[in-house]
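Shown next: model_0.cif, containing mmCIF, C-alpha atoms and all ligand atoms.
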```cif
data_input
#
loop_
_atom_site.label_atom_id
_atom_site.label_comp_id
_atom_site.auth_asym_id
_atom_site.auth_seq_id
_atom_site.Cartn_x
_atom_site.Cartn_y
_atom_site.Cartn_z
CA MET C 116 88.16 101.71 118.11
CA ARG C 117 90.00 99.37 120.48
CA ALA C 118 93.49 98.19 119.61
CA VAL C 119 96.14 95.86 120.98
CA ILE C 120 99.80 96.46 120.14
CA LEU C 121 102.28 93.59 119.89
CA ILE C 122 106.00 94.28 120.41
CA SER C 123 109.23 92.34 120.86
CA GLY C 124 111.75 94.96 121.95
CA ARG C 125 112.53 98.65 122.01
CA GLY C 126 109.00 99.82 121.31
CA SER C 127 109.72 103.15 119.61
CA ASN C 128 106.90 102.67 117.09
CA MET C 129 104.56 101.71 119.94
CA ARG C 130 105.61 104.89 121.74
CA ALA C 131 104.88 106.96 118.64
CA LEU C 132 101.39 105.43 118.53
CA LEU C 133 100.78 106.04 122.24
CA GLU C 134 101.89 109.67 121.96
CA ALA C 135 100.00 110.50 118.75
CA ASP C 136 96.71 111.29 120.51
CA LEU C 137 94.84 108.85 118.27
CA PRO C 138 91.09 108.26 118.51
CA VAL C 139 91.94 104.71 119.57
CA ASP C 140 91.75 102.97 122.95
CA ILE C 141 94.99 101.04 123.30
CA ALA C 142 93.69 98.23 125.49
CA CYS C 143 96.98 96.39 125.99
CA VAL C 144 100.59 96.11 124.84
CA ILE C 145 101.72 92.50 124.58
CA SER C 146 105.33 91.35 124.22
CA ASN C 147 106.66 87.90 123.40
CA LYS C 148 109.84 88.85 125.30
CA PRO C 149 109.58 89.35 129.08
CA GLY C 150 112.32 92.00 129.25
CA ALA C 151 111.24 94.11 126.27
CA ALA C 152 112.06 97.77 126.91
CA GLY C 153 108.80 98.79 125.28
CA LEU C 154 106.84 97.23 128.15
CA ASP C 155 108.22 99.83 130.58
CA ILE C 156 107.34 102.63 128.16
CA ALA C 157 103.78 101.30 127.82
CA ALA C 158 103.40 100.99 131.60
CA ALA C 159 104.71 104.55 132.03
CA HIS C 160 101.95 105.66 129.67
CA GLY C 161 99.38 103.91 131.84
CA VAL C 162 98.67 101.18 129.32
CA ALA C 163 98.04 97.58 130.44
CA ILE C 164 100.91 95.25 129.57
CA ALA C 165 101.15 91.49 129.16
CA VAL C 166 103.81 88.95 128.20
CA VAL C 167 103.21 85.80 126.18
CA ASP C 168 106.69 84.26 126.18
CA HIS C 169 107.23 82.25 123.01
CA ARG C 170 109.92 80.17 124.74
CA LEU C 171 107.30 78.67 127.05
CA HIS C 172 105.39 77.13 124.14
CA PRO C 173 106.53 74.01 122.30
CA ASP C 174 105.69 75.21 118.79
CA ARG C 175 104.39 78.11 116.76
CA ALA C 176 100.80 76.89 116.77
CA GLU C 177 100.64 76.72 120.56
CA PHE C 178 102.35 80.06 120.99
CA ASP C 179 99.96 81.70 118.53
CA ALA C 180 96.97 80.15 120.32
CA ALA C 181 98.18 81.54 123.66
CA LEU C 182 98.82 84.93 122.05
CA ALA C 183 95.35 84.96 120.48
CA ALA C 184 93.78 84.09 123.85
CA GLU C 185 95.51 87.08 125.46
CA ILE C 186 94.60 89.39 122.57
CA ASP C 187 90.95 88.30 122.57
CA ARG C 188 90.55 89.15 126.26
CA HIS C 189 90.77 92.80 125.13
CA ARG C 190 88.25 92.43 122.26
CA PRO C 191 90.26 94.60 119.85
CA ASP C 192 89.03 95.93 116.52
CA LEU C 193 92.64 96.27 115.43
CA VAL C 194 95.82 94.31 116.22
CA ILE C 195 98.99 96.30 115.56
CA LEU C 196 102.36 94.63 115.05
CA ALA C 197 104.91 97.27 116.07
CA GLY C 198 108.30 95.60 115.87
CA PHE C 199 106.85 92.18 116.66
CA MET C 200 109.56 89.82 115.52
CA ARG C 201 107.76 86.46 115.30
CA VAL C 202 106.41 84.91 112.15
CA LEU C 203 102.74 84.15 112.72
CA THR C 204 100.87 81.03 111.64
CA GLU C 205 98.26 81.17 108.92
CA ALA C 206 95.56 80.30 111.49
CA PHE C 207 96.51 83.34 113.56
CA VAL C 208 96.60 85.67 110.56
CA ARG C 209 93.19 84.43 109.35
CA ARG C 210 91.70 84.93 112.82
CA TYR C 211 92.49 88.65 112.61
CA GLU C 212 91.98 89.02 108.87
CA ASN C 213 91.58 92.66 107.78
CA ARG C 214 92.27 93.93 111.31
CA LEU C 215 95.93 92.99 111.65
CA ILE C 216 98.55 95.51 110.50
CA ASN C 217 102.33 95.70 110.55
CA ILE C 218 105.10 98.19 109.90
CA HIS C 219 107.98 96.97 107.77
CA PRO C 220 111.25 98.90 107.37
CA ALA C 221 111.41 98.87 103.57
CA LEU C 222 109.39 99.98 100.57
CA LEU C 223 107.50 96.74 99.97
CA PRO C 224 107.40 94.71 97.82
CA ALA C 225 111.15 95.44 97.84
CA PHE C 226 113.11 93.85 100.67
CA PRO C 227 110.67 91.71 102.62
CA GLY C 228 112.22 89.87 105.57
CA LEU C 229 115.15 90.85 107.74
CA HIS C 230 118.23 93.12 107.39
CA THR C 231 116.38 95.44 105.03
CA HIS C 232 118.72 98.41 105.44
CA ALA C 233 121.91 96.48 104.71
CA ARG C 234 120.19 94.83 101.74
CA ALA C 235 119.01 98.19 100.37
CA ILE C 236 122.56 99.57 100.55
CA ALA C 237 124.00 96.43 98.95
CA ALA C 238 121.45 96.63 96.13
CA GLY C 239 122.41 100.23 95.42
CA VAL C 240 118.85 101.56 95.58
CA LYS C 241 118.65 105.32 95.92
CA LEU C 242 115.33 105.43 97.75
CA HIS C 243 114.34 103.29 100.72
CA GLY C 244 111.68 103.63 103.39
CA CYS C 245 108.92 101.95 105.31
CA THR C 246 105.50 100.42 104.72
CA VAL C 247 102.37 100.03 106.83
CA HIS C 248 100.38 97.09 105.51
CA PHE C 249 97.67 94.58 106.35
CA VAL C 250 99.10 91.22 107.36
CA THR C 251 98.35 88.21 105.18
CA PRO C 252 99.73 84.68 105.53
CA GLU C 253 102.61 85.45 103.16
CA VAL C 254 105.20 87.41 105.18
CA ASP C 255 105.47 91.16 104.37
CA ALA C 256 103.11 90.88 101.40
CA GLY C 257 99.69 92.22 102.43
CA PRO C 258 97.77 95.25 101.08
CA ILE C 259 99.76 98.45 101.51
CA ILE C 260 98.11 101.29 103.48
CA ALA C 261 100.92 103.87 103.52
CA GLN C 262 104.59 104.25 102.74
CA ALA C 263 107.29 106.84 103.40
CA ALA C 264 110.47 107.13 101.36
CA VAL C 265 113.89 108.47 102.32
CA PRO C 266 117.05 108.92 100.25
CA VAL C 267 119.90 106.44 100.58
CA LEU C 268 123.03 108.58 100.93
CA PRO C 269 126.47 107.69 99.54
CA ASP C 270 128.11 107.24 102.94
CA ASP C 271 125.21 105.44 104.58
CA THR C 272 125.71 102.58 106.98
CA PRO C 273 122.78 100.29 107.79
CA GLU C 274 122.56 102.05 111.15
CA ARG C 275 122.37 105.56 109.69
CA LEU C 276 119.85 104.49 107.12
CA ALA C 277 117.81 102.65 109.77
CA ALA C 278 117.66 105.81 111.88
CA ARG C 279 116.48 107.88 108.90
CA VAL C 280 113.79 105.31 108.08
CA LEU C 281 112.73 104.99 111.73
CA ARG C 282 111.94 108.71 111.95
CA GLN C 283 109.51 108.20 109.07
CA GLU C 284 108.07 105.04 110.64
CA HIS C 285 107.12 107.19 113.62
CA ARG C 286 105.22 109.56 111.31
CA VAL C 287 103.53 107.15 108.95
CA PHE C 288 102.39 104.49 111.44
CA PRO C 289 100.22 106.86 113.55
CA LEU C 290 98.84 108.35 110.33
CA ALA C 291 97.78 104.95 109.03
CA VAL C 292 96.20 103.95 112.35
CA ARG C 293 94.30 107.24 112.43
CA TRP C 294 92.93 106.56 108.94
CA LEU C 295 91.86 103.08 110.02
CA ALA C 296 90.15 104.48 113.12
CA GLU C 297 88.34 107.00 110.95
CA GLY C 298 87.08 104.19 108.72
CA ARG C 299 88.89 105.62 105.74
CA VAL C 300 90.84 102.55 104.63
CA ARG C 301 89.12 100.39 102.02
CA LEU C 302 90.32 96.96 101.00
CA GLY C 303 89.81 96.18 97.33
CA GLU C 304 88.92 92.81 95.81
CA ASP C 305 92.25 92.97 94.01
CA GLY C 306 94.33 92.80 97.19
CA THR C 307 95.11 96.50 97.37
CA ALA C 308 94.10 99.02 100.02
CA ALA C 309 93.05 102.62 99.43
CA VAL C 310 92.71 105.57 101.77
CA ILE C 311 89.51 107.53 101.20
CA GLY C 312 89.54 111.30 101.21
CA VAL C 313 93.21 112.05 100.67
CA THR C 314 93.82 114.72 98.12
CA GLY C 315 96.80 114.57 95.86
CA GLY C 316 97.88 118.11 96.71
CA ASP C 317 100.47 119.19 94.19
CA ALA C 318 101.57 115.59 93.72
CA ASP C 319 101.88 115.81 89.94
CA HIS C 320 104.83 118.11 90.43
CA GLU C 321 106.40 116.59 93.50
CA ALA C 322 109.12 113.98 93.61
CA LEU C 323 111.74 112.80 96.03
CA VAL C 324 114.82 112.65 93.80
CA SER C 325 117.88 110.78 94.99
CA PRO C 326 120.74 111.40 94.48
CA ASN C 327 119.95 115.05 94.48
CA GLY C 328 123.12 117.08 93.99
C1 LIG U 401 111.13 98.82 113.26
O1 LIG U 401 112.14 99.20 112.37
C2 LIG U 401 110.02 98.11 112.55
O2 LIG U 401 109.80 98.59 111.25
C3 LIG U 401 110.53 96.70 112.49
O3 LIG U 401 111.17 96.50 113.72
C4 LIG U 401 111.61 97.74 114.24
C5 LIG U 401 111.01 97.89 115.60
O4 LIG U 401 111.47 99.02 116.27
N1 LIG U 401 109.46 95.80 112.21
P1 LIG U 401 110.72 99.54 117.56
O5 LIG U 401 110.62 98.38 118.53
O6 LIG U 401 109.37 100.04 117.14
O7 LIG U 401 111.58 100.64 118.11
#
```
Have the structure of the file written as structure tokens, please.
Amino acid sequence: MRAVILISGRGSNMRALLEADLPVDIACVISNKPGAAGLDIAAAHGVAIAVVDHRLHPDRAEFDAALAAEIDRHRPDLVILAGFMRVLTEAFVRRYENRLINIHPALLPAFPGLHTHARAIAAGVKLHGCTVHFVTPEVDAGPIIAQAAVPVLPDDTPERLAARVLRQEHRVFPLAVRWLAEGRVRLGEDGTAAVIGVTGGDADHEALVSPNG
């Protein structure tokens, strides 16, 4: 499987993917921001890097067309949004239908959009987390491949909670990409995704309880 990773900044999820020894050829890391720290990390890992600067394009449609042209040069089977902070046009999403995935820092369908950690704290939820999902034209709404949950603690700040979630992002994103590379992710007609060949383990008796005093 060949993949392209899109980033906008720090690139810690991209790093987790590069260091997970996946059966995936990461053909290129593309950033919409020229100075993105993740570009240096990718280059240090020997991965090709490219920049498609959104500020050099008059509108979303033209930016997305330029981005698609760069992506298509690498002929990827999978396009991975790893902290890519641009909303994509429907035309772009359709072009990569069923091979475009994203990681979102919340347990979707709760808290789509931005500032998820602050919103989770404000809502008083006791569990929060992250979601790897296929991208569909509606933002943060596509079929869910995998999720990881963490407790929200009484003295949490958005920053502390974000750090706790991020550690799980770095676990669950490589897992999901591995399953995709192994051909184990099936998309249902009903808009859900299922992973083939996972056993439930002792799941009937397991729960993450929060608060847990
Ligand atoms: C992550 O929290 C990701 O879920 C969100 O943006 C952040 C990117 O972080 N979409 P990084 O660039 O992967 O470090």
Exercise. Within 9 Å of C:Arg130, counting only C-alpha atoms, which residues qualify if same-chain residues fewer than 6 places away don't, as a list in words?
Worked result: Gly153, Ile156, Ala157, His160 and His285 of chain C
For this session: Could you give me the residues within 8 Å of ligand LIG 401 (chain U), counting all atoms listed in the file, as a PyMOL selection string?
Result: chain C and resi 122-130+153+196-200+217-221+245+277+280-281+284
Problem set entry | Among the residues C:Val139, C:Ala151, C:Leu290, C:Leu268, the one that comes closest to C:Thr246 [using all atoms listed in the file] | C:Leu290
For this session: Go ahead and find all residues with at least one atom no further than 8 Å from (106.2, 82.6, 123.2) in the file's coordinates, using only C-alpha atoms; report them as a PyMOL selection string.
Result: chain C and resi 147-148+167-172+178-179+182
Using C-alpha atoms, can you export the residues from the last selection as a PDB file, keeping the file's coordinate frame?
```
ATOM      1  CA  ASN C 147     106.660  87.900 123.400  1.00  0.00           C
ATOM      2  CA  LYS C 148     109.840  88.850 125.300  1.00  0.00           C
ATOM      3  CA  VAL C 167     103.210  85.800 126.180  1.00  0.00           C
ATOM      4  CA  ASP C 168     106.690  84.260 126.180  1.00  0.00           C
ATOM      5  CA  HIS C 169     107.230  82.250 123.010  1.00  0.00           C
ATOM      6  CA  ARG C 170     109.920  80.170 124.740  1.00  0.00           C
ATOM      7  CA  LEU C 171     107.300  78.670 127.050  1.00  0.00           C
ATOM      8  CA  HIS C 172     105.390  77.130 124.140  1.00  0.00           C
ATOM      9  CA  PHE C 178     102.350  80.060 120.990  1.00  0.00           C
ATOM     10  CA  ASP C 179      99.960  81.700 118.530  1.00  0.00           C
ATOM     11  CA  LEU C 182      98.820  84.930 122.050  1.00  0.00           C
TER      12      LEU C 182
END
```
Exercise. Can you tell me how far atom CA of C:Thr307 sits from atom CA of C:Arg117, in Å to one decimal?
Worked result: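 If I compute the distance from atom CA of C:Thr307 to atom CA of C:Arg117, I get 23.8 Å.
Closest to C:Ala235 among C:Val254, C:Val144, C:Val247, C:Val267 is C:Val267, based on all atoms listed in the file.
What separates atom CA of C:Ala233 from atom CA of C:Thr272 is a distance of 7.5 Å.
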Problem set entry | Neighbour list for stretch 118-120 of chain C as a VMD selection string, cut-off 9 Å, all atoms listed in the file, skip fewer than 3 positions in-chain | chain C and resid 129 139 to 146 186 189 to 197 199
